[in-house]
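run-v5.txt, holding compact mmCIF, C-alpha atoms:
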```txt
# COMPACT_ATOMS: atom_id res chain seq x y z
CA MET L 1 135.36 357.22 146.47
CA ILE L 2 137.96 355.21 144.53
CA PRO L 3 135.30 353.08 142.78
CA PHE L 4 133.59 356.33 141.64
CA ILE L 5 136.80 357.64 140.05
CA ASN L 6 137.37 354.36 138.20
CA SER L 7 133.80 354.30 136.92
CA ALA L 8 134.02 357.79 135.39
CA GLY L 9 137.28 356.92 133.74
CA GLN L 10 135.84 353.75 132.36
CA VAL L 11 132.90 355.63 130.83
CA PHE L 12 135.26 358.13 129.19
CA LEU L 13 137.48 355.39 127.85
CA ALA L 14 134.47 353.48 126.52
CA ASN L 15 133.14 356.57 124.72
CA LEU L 16 136.59 357.37 123.40
CA THR L 17 137.01 353.84 122.07
CA GLN L 18 133.59 353.97 120.40
CA ILE L 19 134.45 357.20 118.59
CA GLN L 20 137.84 355.90 117.50
CA ASN L 21 136.34 352.64 116.25
CA GLY L 22 133.74 354.57 114.25
CA ASN L 23 136.41 356.71 112.64
CA GLN L 24 138.45 353.65 111.82
CA ARG L 25 135.48 351.97 110.12
CA ILE L 26 134.88 355.05 107.94
CA GLU L 27 138.56 355.23 106.99
CA GLU L 28 138.55 351.54 106.09
CA GLN L 29 135.38 352.04 104.02
CA LEU L 30 136.97 354.91 102.11
CA SER L 31 140.10 352.86 101.55
CA SER L 32 138.24 349.76 100.35
CA ASP L 33 135.71 351.61 98.20
CA ALA L 34 138.18 353.93 96.50
CA PRO L 35 139.66 351.43 94.01
CA ASP L 36 136.21 350.37 92.75
CA GLN L 37 135.01 353.97 92.62
CA ILE L 38 138.12 355.10 90.77
CA THR L 39 137.82 352.26 88.25
CA GLN L 40 134.18 353.12 87.62
CA LEU L 41 135.02 356.81 87.36
CA LEU L 42 137.74 356.19 84.78
CA GLN L 43 135.41 354.00 82.73
CA LEU L 44 132.69 356.65 82.75
CA GLN L 45 135.14 359.39 81.80
CA SER L 46 136.52 357.26 78.97
CA GLN L 47 133.03 356.57 77.64
CA LEU L 48 132.17 360.27 77.84
CA ALA L 49 135.30 361.19 75.89
CA SER L 50 134.47 358.54 73.28
CA ASN L 51 130.92 359.86 72.96
CA ASN L 52 132.20 363.41 72.51
CA GLN L 53 134.47 362.26 69.68
CA VAL L 54 131.57 360.42 68.04
CA GLN L 55 129.49 363.60 68.25
CA THR L 56 132.28 365.61 66.61
CA ASN L 57 132.53 363.07 63.79
CA LEU L 58 128.77 362.95 63.30
CA ASN L 59 128.48 366.73 63.20
CA SER L 60 131.09 366.82 60.44
CA LEU L 61 129.34 363.99 58.59
CA GLN L 62 126.01 365.79 58.97
CA ALA L 63 127.39 368.81 57.12
CA GLY L 64 128.54 366.58 54.26
CA ALA L 65 125.25 364.70 54.06
CA LEU L 66 123.27 367.93 54.01
CA GLY L 67 125.59 369.36 51.35
CA ALA L 68 125.12 366.28 49.18
CA ASP L 69 121.36 366.31 49.64
CA ASN L 70 121.13 369.98 48.69
CA SER L 71 123.44 369.49 45.72
CA ILE L 72 121.31 366.68 44.32
CA THR L 73 118.20 368.81 44.78
CA SER L 74 119.87 371.58 42.76
CA ILE L 75 120.85 369.11 40.04
CA LEU L 76 117.31 367.74 39.78
CA GLN L 77 116.01 371.28 39.38
CA LEU L 78 118.53 371.90 36.59
CA VAL L 79 117.56 368.64 34.90
CA ASN L 80 113.89 369.63 34.98
CA GLN L 81 114.85 372.86 33.23
CA ALA L 82 116.71 370.85 30.60
CA ALA L 83 113.68 368.62 30.05
CA SER L 84 111.52 371.73 29.64
CA LEU L 85 113.93 373.08 27.03
CA GLY L 86 113.79 369.72 25.30
CA ALA L 87 110.01 369.89 25.19
CA GLN L 88 110.25 373.27 23.47
CA GLY L 89 112.66 371.80 20.95
CA ALA L 90 110.37 368.86 20.28
CA ASP L 91 107.60 371.19 19.17
CA THR L 92 107.22 370.86 15.41
CA THR L 93 106.93 374.63 15.04
CA THR L 94 110.38 375.20 16.51
CA THR L 95 112.97 376.29 13.95
CA PRO L 96 116.42 374.70 13.62
CA GLN L 97 118.02 377.96 14.74
CA THR L 98 115.89 378.00 17.88
CA ARG L 99 116.80 374.38 18.62
CA GLN L 100 120.47 375.27 18.42
CA GLN L 101 119.87 378.08 20.89
CA LEU L 102 118.05 375.64 23.16
CA ALA L 103 120.98 373.26 22.77
CA GLN L 104 123.37 375.90 24.10
CA GLN L 105 121.13 376.44 27.10
CA VAL L 106 121.12 372.69 27.75
CA GLN L 107 124.92 372.70 27.52
CA THR L 108 125.06 375.48 30.11
CA ILE L 109 122.83 373.40 32.38
CA PHE L 110 125.03 370.37 31.79
CA ASP L 111 128.10 372.37 32.83
CA GLN L 112 126.30 373.42 36.03
CA VAL L 113 125.35 369.83 36.78
CA VAL L 114 128.94 368.66 36.45
CA SER L 115 130.14 371.61 38.52
CA THR L 116 127.68 370.69 41.27
CA THR L 117 129.07 367.14 41.40
CA GLN L 118 132.34 368.84 42.41
CA THR L 119 130.82 370.24 45.62
CA VAL L 120 133.33 370.54 48.48
CA VAL L 121 132.37 370.36 52.17
CA ASN L 122 134.92 370.58 54.96
CA GLY L 123 137.75 370.37 52.43
CA GLU L 124 136.48 367.17 50.77
CA TYR L 125 134.81 366.51 47.41
CA ILE L 126 131.69 364.84 48.74
CA PHE L 127 130.88 362.92 45.52
CA SER L 128 134.40 361.60 44.88
CA GLY L 129 134.35 358.58 47.17
CA ASP L 130 137.64 357.68 48.82
CA ALA L 131 139.53 359.93 46.34
CA ASN L 132 137.95 362.97 47.99
CA GLN L 133 140.80 365.41 47.39
CA GLY L 134 139.70 366.06 43.83
CA PRO L 135 136.59 365.93 41.62
CA GLU L 136 135.53 362.66 40.04
CA TYR L 137 134.32 364.29 36.82
CA GLN L 138 135.01 367.29 34.64
CA VAL L 139 133.29 368.51 31.48
CA ASP L 140 134.71 367.05 28.26
CA PRO L 141 132.73 367.97 25.10
CA SER L 142 134.68 365.40 23.09
CA SER L 143 133.45 362.52 25.26
CA SER L 144 130.38 360.53 24.23
CA ASN L 145 128.67 361.35 27.55
CA GLY L 146 130.12 364.85 27.86
CA VAL L 147 132.46 364.18 30.80
CA ASP L 148 135.91 362.93 31.61
CA GLN L 149 136.12 360.62 34.61
CA LEU L 150 139.16 361.63 36.64
CA SER L 151 138.89 358.93 39.31
CA ASN L 152 136.88 355.81 39.89
CA THR L 153 136.84 354.85 43.55
CA LEU L 154 133.89 353.84 45.69
CA ASN L 155 133.05 355.47 49.00
CA THR L 156 134.12 352.88 51.57
CA SER L 157 134.17 355.38 54.44
CA THR L 158 131.97 354.46 57.39
CA ALA L 159 130.83 356.29 60.50
CA GLN L 160 130.04 354.94 63.96
CA ASP L 161 127.33 355.87 66.42
CA VAL L 162 127.68 355.81 70.22
CA ASN L 163 126.44 352.21 70.32
CA GLY L 164 129.23 351.06 68.00
CA ASN L 165 127.02 350.57 64.93
CA THR L 166 128.69 351.52 61.63
CA PHE L 167 127.16 352.79 58.39
CA LEU L 168 128.24 354.13 54.99
CA THR L 169 128.69 357.88 54.70
CA GLY L 170 127.96 358.60 51.04
CA LEU L 171 127.73 357.72 47.36
CA THR L 172 129.92 358.74 44.44
CA ALA L 173 129.03 360.87 41.42
CA GLY L 174 129.53 357.78 39.30
CA GLN L 175 126.95 355.84 41.29
CA ILE L 176 124.41 358.67 41.15
CA PHE L 177 124.87 360.27 37.72
CA ASP L 178 126.90 357.81 35.64
CA PRO L 179 125.58 354.26 36.20
CA ARG L 180 126.95 351.67 33.80
CA ASN L 181 125.91 348.25 32.53
CA ALA L 182 128.06 345.18 33.15
CA ASP L 183 129.92 345.80 29.88
CA ASN L 184 130.60 349.42 30.95
CA SER L 185 128.12 350.83 28.44
CA TYR L 186 125.83 353.62 29.64
CA ALA L 187 122.83 352.42 31.64
CA PRO L 188 119.39 353.76 30.60
CA ASP L 189 119.33 355.98 33.70
CA ASN L 190 122.73 357.59 33.07
CA MET L 191 122.21 361.32 33.64
CA PHE L 192 125.37 362.49 31.87
CA ALA L 193 124.55 360.45 28.77
CA ALA L 194 120.91 361.58 28.73
CA LEU L 195 121.73 365.28 28.91
CA THR L 196 124.47 364.94 26.30
CA SER L 197 122.04 363.15 23.99
CA LEU L 198 119.51 365.94 24.45
CA TYR L 199 122.11 368.56 23.63
CA GLN L 200 123.28 366.74 20.50
CA SER L 201 119.73 366.11 19.25
CA LEU L 202 118.76 369.76 19.69
CA ASN L 203 121.97 370.99 18.11
CA THR L 204 121.57 368.74 15.04
CA ASN L 205 117.82 369.41 14.67
CA ASN L 206 117.01 365.72 15.23
CA THR L 207 113.37 365.85 16.34
CA ALA L 208 113.07 362.08 16.86
CA GLY L 209 116.27 362.10 18.88
CA ILE L 210 114.96 365.00 20.99
CA THR L 211 111.87 363.01 21.97
CA THR L 212 113.98 359.96 22.86
CA ALA L 213 116.44 362.10 24.82
CA ILE L 214 113.66 363.73 26.85
CA ALA L 215 112.47 360.27 27.92
CA SER L 216 116.05 359.35 28.87
CA VAL L 217 116.40 362.54 30.92
CA GLN L 218 113.18 361.73 32.78
CA THR L 219 114.34 358.16 33.45
CA ALA L 220 117.68 359.41 34.72
CA SER L 221 115.97 362.03 36.88
CA ALA L 222 113.82 359.37 38.55
CA TYR L 223 116.93 357.28 39.21
CA VAL L 224 118.80 360.22 40.76
CA ASN L 225 115.77 360.94 42.92
CA VAL L 226 115.98 357.41 44.32
CA GLN L 227 119.68 357.84 45.05
CA GLN L 228 118.90 361.05 46.90
CA GLY L 229 116.85 358.93 49.30
CA PHE L 230 120.14 357.51 50.59
CA TYR L 231 121.07 360.94 51.94
CA GLY L 232 117.65 361.50 53.48
CA ALA L 233 118.03 358.24 55.40
CA LEU L 234 121.62 359.14 56.30
CA GLU L 235 120.59 362.52 57.70
CA ASN L 236 117.88 360.89 59.82
CA ARG L 237 120.34 358.35 61.17
CA ILE L 238 122.86 361.04 62.05
CA THR L 239 120.20 363.13 63.80
CA ASN L 240 119.01 360.13 65.83
CA SER L 241 122.58 359.16 66.68
CA LEU L 242 123.39 362.68 67.88
CA SER L 243 120.25 362.69 70.01
CA THR L 244 121.21 359.36 71.58
CA ALA L 245 124.74 360.63 72.24
CA THR L 246 123.40 363.73 73.97
CA THR L 247 121.11 361.66 76.18
CA GLN L 248 123.93 359.30 77.11
CA ASN L 249 126.30 362.18 77.84
CA ILE L 250 123.83 363.72 80.28
CA SER L 251 123.58 360.41 82.13
CA LEU L 252 127.36 359.89 82.11
CA THR L 253 128.00 363.41 83.39
CA GLN L 254 125.53 362.89 86.23
CA GLN L 255 127.13 359.57 87.18
CA ILE L 256 130.60 361.11 87.18
CA ALA L 257 129.43 364.02 89.32
CA SER L 258 127.79 361.58 91.74
CA ILE L 259 130.99 359.58 92.22
CA GLN L 260 133.23 362.63 92.45
CA GLY L 261 130.94 364.54 94.78
CA THR L 262 128.30 362.64 96.72
CA ASN L 263 129.83 359.30 97.74
CA PHE L 264 133.23 360.49 98.85
CA ALA L 265 131.87 363.72 100.31
CA GLU L 266 129.38 361.88 102.53
CA ALA L 267 132.01 359.54 103.94
CA ALA L 268 134.46 362.40 104.38
CA THR L 269 131.82 364.38 106.26
CA GLN L 270 131.18 361.47 108.61
CA LEU L 271 134.89 361.11 109.23
CA THR L 272 135.23 364.84 109.95
CA GLN L 273 132.33 364.68 112.38
CA GLY L 274 133.90 361.72 114.13
CA GLN L 275 137.25 363.47 114.44
CA THR L 276 135.54 366.57 115.80
CA ALA L 277 133.74 364.45 118.38
CA LEU L 278 137.01 362.82 119.38
CA GLN L 279 138.71 366.18 119.87
CA ALA L 280 135.74 367.49 121.83
CA ALA L 281 135.81 364.46 124.12
CA LEU L 282 139.52 364.85 124.77
CA GLN L 283 139.12 368.56 125.48
CA ALA L 284 136.19 367.93 127.83
CA GLN L 285 138.12 365.28 129.72
CA SER L 286 141.10 367.61 130.11
CA LYS L 287 138.85 370.11 131.89
CA VAL L 288 137.59 367.59 134.47
CA PRO L 289 139.21 368.32 137.91
CA THR L 290 141.87 365.79 138.79
CA THR L 291 141.11 364.02 142.08
CA SER L 292 143.59 361.72 143.74
CA LEU L 293 143.35 359.49 146.81
CA PHE L 294 145.28 362.03 148.83
CA ASP L 295 142.42 364.54 148.39
CA PHE L 296 140.21 362.27 150.48
CA LEU L 297 142.83 361.38 153.10
CA GLY L 298 143.82 364.88 153.98
```

Written as structure tokens, that's how I'd like the structure from this file.
Amino acid sequence: MIPFINSAGQVFLANLTQIQNGNQRIEEQLSSDAPDQITQLLQLQSQLASNNQVQTNLNSLQAGALGADNSITSILQLVNQAASLGAQGADTTTTPQTRQQLAQQVQTIFDQVVSTTQTVVNGEYIFSGDANQGPEYQVDPSSSNGVDQLSNTLNTSTAQDVNGNTFLTGLTAGQIFDPRNADNSYAPDNMFAALTSLYQSLNTNNTAGITTAIASVQTASAYVNVQQGFYGALENRITNSLSTATTQNISLTQQIASIQGTNFAEAATQLTQGQTALQAALQAQSKVPTTSLFDFLG
């Protein structure tokens, strides 16, 4: 009977050893995998935070781009009204008094144009370039082009998408409405100069000047329309960048959830099952009747 007792004990010890070895392997796996998993998790979380910041920046930029686009649209509508008034003044049947009245209407439109270049979005003058805490232009009737330039800085601000690509965020009022030649004289497509010329020609009853000024206004309007295309392209780029960021964030969130939940949870479950099996084996063995050699000799 002694060989029988030893055999049962050996089976129990073998099973016990197998369970313990299995638990040890799982613990070692958790220990060895954790550093890599943690590093990957931190990288993913950092990228997600970076993407969220990019989205915040792009949303703010989108508001400015839309504001600029809408402002230019309003200005072009005002300029068309001014051209229409000029056409009335160019009519040979129009009296000098009527032309002066038309001139005052053009001046009112001019004031609205300049006011629109002072548009503020999110606390910034969107057409003032880097000097965005104040307007670039104000009305000045004594000036040859009807405005006083308060600042002259380009827009060097850039934005970044989630892939690290950078792009310019806007143009200045000077670039759009007050282009100059190399010698700083007014370019043919200078909106401020064209509208001022139309006003002066109407006010002084200069019919030839009115016709010339209307052509200048139309040339300037076409130029501004081209500049507006910058904001259309900018809005499209922002929209596409936001879409890409959203797609990436969904993927990053899923990867983070997978590392935090699935991988560690599966190994932890296996370890728990192994520990439960070990406890069950020990409890079962404790309930086995103890038989000694004396039980068979008695």

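For the atom pair formed by atom CA of Ser241 of chain L and atom CA of Gln227 of chain L, the distance is 21.9 Å, given to one decimal.
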
Please determine the residues with any atom at most 12 Å from (126.4, 367.0, 46.1) (coordinates as given in the file, with only C-alpha atoms counting) and report them as a CSV table (one decimal) with C-alpha atoms, keeping the file's coordinate frame.
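Wrote it out as part04.csv, contents follow:
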```csv
chain,number,residue,atom,x,y,z
L,63,ALA,CA,127.4,368.8,57.1
L,64,GLY,CA,128.5,366.6,54.3
L,65,ALA,CA,125.2,364.7,54.1
L,66,LEU,CA,123.3,367.9,54.0
L,67,GLY,CA,125.6,369.4,51.4
L,68,ALA,CA,125.1,366.3,49.2
L,69,ASP,CA,121.4,366.3,49.6
L,70,ASN,CA,121.1,370.0,48.7
L,71,SER,CA,123.4,369.5,45.7
L,72,ILE,CA,121.3,366.7,44.3
L,73,THR,CA,118.2,368.8,44.8
L,74,SER,CA,119.9,371.6,42.8
L,75,ILE,CA,120.8,369.1,40.0
L,76,LEU,CA,117.3,367.7,39.8
L,112,GLN,CA,126.3,373.4,36.0
L,113,VAL,CA,125.4,369.8,36.8
L,114,VAL,CA,128.9,368.7,36.4
L,115,SER,CA,130.1,371.6,38.5
L,116,THR,CA,127.7,370.7,41.3
L,117,THR,CA,129.1,367.1,41.4
L,118,GLN,CA,132.3,368.8,42.4
L,119,THR,CA,130.8,370.2,45.6
L,120,VAL,CA,133.3,370.5,48.5
L,121,VAL,CA,132.4,370.4,52.2
L,124,GLU,CA,136.5,367.2,50.8
L,125,TYR,CA,134.8,366.5,47.4
L,126,ILE,CA,131.7,364.8,48.7
L,127,PHE,CA,130.9,362.9,45.5
L,128,SER,CA,134.4,361.6,44.9
L,129,GLY,CA,134.4,358.6,47.2
L,135,PRO,CA,136.6,365.9,41.6
L,136,GLU,CA,135.5,362.7,40.0
L,170,GLY,CA,128.0,358.6,51.0
L,171,LEU,CA,127.7,357.7,47.4
L,172,THR,CA,129.9,358.7,44.4
L,173,ALA,CA,129.0,360.9,41.4
L,174,GLY,CA,129.5,357.8,39.3
L,176,ILE,CA,124.4,358.7,41.2
L,177,PHE,CA,124.9,360.3,37.7
L,224,VAL,CA,118.8,360.2,40.8
L,227,GLN,CA,119.7,357.8,45.0
L,228,GLN,CA,118.9,361.0,46.9
L,231,TYR,CA,121.1,360.9,51.9
```

Practice task
Kindly extract all protein, DNA and RNA residues lying within 10 Å of the coordinates (130.9, 360.4, 25.3) given in the file, considering only C-alpha atoms, and supply them as a ChimeraX atom specification.
Solution key: /L:140-148,186,192-193,196-197

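If you measure from each of L:Thr204, L:Asn152, L:Thr98, L:Thr92 to Pro179 of chain L using all atoms listed in the file, the closest one turns out to be L:Asn152.
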
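The smallest atom-to-atom distance between Gln53 of chain L and any of L:Ala194, L:Ala159, L:Ala257, L:Leu234, using all atoms listed in the file, is found for L:Ala159.
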
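Between atom CA of Asp111 of chain L and atom CA of Ser60 of chain L lies a distance of 28.3 Å.
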
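In terms of minimum interatomic distance to Asn240 of chain L, L:Asn163 ranks closest within L:Asn163, L:Thr108, L:Thr153, L:Gln81, counting all atoms listed in the file.
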
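Interatomic distance, atom CA of Pro188 of chain L against atom CA of Gln200 of chain L: 16.9 Å.
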
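When only C-alpha atoms are used to measure the gap to Ala131 of chain L, the shortest distance among L:Ser157, L:Gln255, L:Gln88, L:Gln218 belongs to L:Ser157.
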
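Taking all atoms listed in the file into account, Thr158 of chain L lies nearest to L:Asn57 out of the set L:Ser50, L:Asn57, L:Gln107, L:Thr39.
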
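Candidate residues L:Ala245, L:Leu58, L:Ala90, L:Leu150 were compared for distance to Thr212 of chain L, and the nearest is L:Ala90, using all atoms listed in the file.
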